[in-house]
Amino acid sequence: MNHGGISDFRSDTVTRPTEEMRRAMYEAEVGDDVLRDDPTVLKLEEMAAEKLGKEAALFVPSGTMGNTIAMKIAAEEGTEVLLEEKSHIYNFESGNISRLVGALPRPLPSKRGVIPLQVLQQNYHAGERLHIPSTKAISLENTHNYWGGAVLRPEYLQKVGEFSKEKGLHFHLDGARIFNAAVALGIPARELARPADSVMFCLSKGLSAPVGSLLVARKEFIEKALYVRKFLGGAMRQAGILAAAGIVALNKMVDRLAEDHSRAKKLAMGLSSIRGIEINPEEVETNIVIFRLRRMKVENFLEELKKDGILALGFGPSRVRMVLHKDLDDQDVEKALRSISRILS
Ligand SMILES: Cc1ncc(COP(=O)(O)O)c(C=O)c1O
């Protein structure tokens with residue numbers, strides 16, 4: 001089910017809203033969310049807080065804004081945030097931690113998104129020395145985009161949560177795709193969110209809503225978040241139009257993520273039998289497939305794919321990313337495998 005004959009594997013952000021979302025947007029009851037009387041936004045926030053097992057939630061225009069707000073509250077100028085070296089927040093959010101918070105992001109190595117506890121311990125600074133910024137927060141990503149949609153397990157998150165508590169740190173989870181992680185593990189998202197002090201998740205990725213993300217946390221944290229969102233220009237007026245699609249996303253689009261995961265696996269298995277491609281299909285746990293080209297340049301490969309009506313993304317000098325989502329079906333996967341076999345034969 002592609003659009004205009006194009007099979008778009010670039011990202012799950014390309015998903016179009018469903019008919020039901022468009023209808024809900026048309027019919028949405030709205031108010032002024034800056035004055036906090038848009039009933040549809042308030043309803044979405046309540047649902048989000050409940051699903052993630054937190055006290056409160058705030059609707060924000062983008063995942064980047066949700067993460068930025070969390071960092072702005074959790075850290076402060078001259079302090080430090082521990083995060084994973086390939087994380088979205090460190091690499092792809094315009095340097096927000098240094099530019100808007102004034103804190104030092106300390107990127108740490110990981111095994112597919114999992115920073116060993118010992119590495120966190122070694123990099124923690126209590127502020128005992130004048131010349132070393134004190135650690136204020138830890139941020140992890142689940143699922144992990146760069147690491148091909150890798151899933152962080154609840155046991156690991158629990159340990160990071162305990163460490164954060166022991167040291168008085170804020171533990172933030174960039175859960176842009178937390179529902180993919182939950183569906184892959186067959187557990188409620190709140191089990192993954194429990195050890196974290198704040199979680200950001202996106203409605204506009206695999207859940208297919210047109211716009212929006214949520215920041216969930218304790219009530220006092222979300223009260224502060226309201227001020228930071230305003231300061232960043234993210235307070236919207238009749239935002240219920242957007243929130244209405246988000247409500248449909250949370251009600252209807254979570255369970256179907258399993259389909260994307262099984263198609264991603266199918267794509268990865270198919271790719272693993274094509275010469276010229278390096279991929280371990282076992283590592284594909286959710287909807288993101290990343291592979292390495294052995295001989296062909298990424299730009300040329302993408303150009304050839306495009307000729308067959310297939311879009312993918314270059315992910316570094318020799319890697320390609322293909323993401324499964326609701327606007328791609330089994331035929332799109334077969335078409336992509338046929339095209340890639342032809343290109344690399
Ligand atoms: C893991 C992760 N976090 C955060 C974001 C930011 O979301 P947005 O594009 O809505 O700012 C993305 C976007 O792709 C992402 O993949």
# chains A, B, ... in the order shown; residues from 1 in each chain; ligands from 1

$ residues_around --residues "Met296 in chain A" --least-positions-apart "2" --cutoff "12 Å" --atoms "only C-alpha atoms" --output "count of residues only"
22

$ residues_near_ligand --ligand "ligand 1" --cutoff "7 Å" --atoms "only C-alpha atoms and all ligand atoms" --output "NGL selection string"
:A and (62-65 or 88-89 or 141 or 143-145 or 174-177 or 202 or 204 or 212-213)

$ write_last_selection --atoms "C-alpha atoms" --output "PDB file, in the first residue's frame"
ATOM      1  CA  SER A  62       8.050  17.258  18.092  1.00  0.00           C
ATOM      2  CA  GLY A  63      10.219  14.629  19.708  1.00  0.00           C
ATOM      3  CA  THR A  64      13.148  17.016  19.634  1.00  0.00           C
ATOM      4  CA  MET A  65      11.178  19.557  21.652  1.00  0.00           C
ATOM      5  CA  HIS A  88      19.500  10.818  18.476  1.00  0.00           C
ATOM      6  CA  ILE A  89      19.591  13.497  21.138  1.00  0.00           C
ATOM      7  CA  GLU A 141      17.055   5.728  23.778  1.00  0.00           C
ATOM      8  CA  THR A 143      14.231   1.669  20.644  1.00  0.00           C
ATOM      9  CA  HIS A 144      17.614   2.834  19.455  1.00  0.00           C
ATOM     10  CA  ASN A 145      17.467   4.335  15.981  1.00  0.00           C
ATOM     11  CA  ASP A 174      14.033   9.093  24.568  1.00  0.00           C
ATOM     12  CA  GLY A 175      11.226   6.679  23.806  1.00  0.00           C
ATOM     13  CA  ALA A 176      10.392   8.065  20.362  1.00  0.00           C
ATOM     14  CA  ARG A 177       9.598   4.418  19.486  1.00  0.00           C
ATOM     15  CA  CYS A 202       6.342  10.190  19.368  1.00  0.00           C
ATOM     16  CA  SER A 204       4.235  10.835  14.394  1.00  0.00           C
ATOM     17  CA  GLY A 212       3.210  15.463  17.857  1.00  0.00           C
ATOM     18  CA  SER A 213       4.980  13.852  20.755  1.00  0.00           C
TER      19      SER A 213
END

$ atom_distance --atom1 "CA of Ala336 in chain A" --atom2 "CA of Glu19 in chain A"
26.6 Å

$ residues_around --residues "Gly270 in chain A" --least-positions-apart "3" --cutoff "9 Å" --atoms "only C-alpha atoms" --output "MDAnalysis selection string"
chainID A and resid 265:267 273:274 281 334 337

$ select_by_dssp --residues "range 143-185 of chain A" --states "strand (DSSP E or B)" --output "ChimeraX atom specification"
/A:144,150,170-174
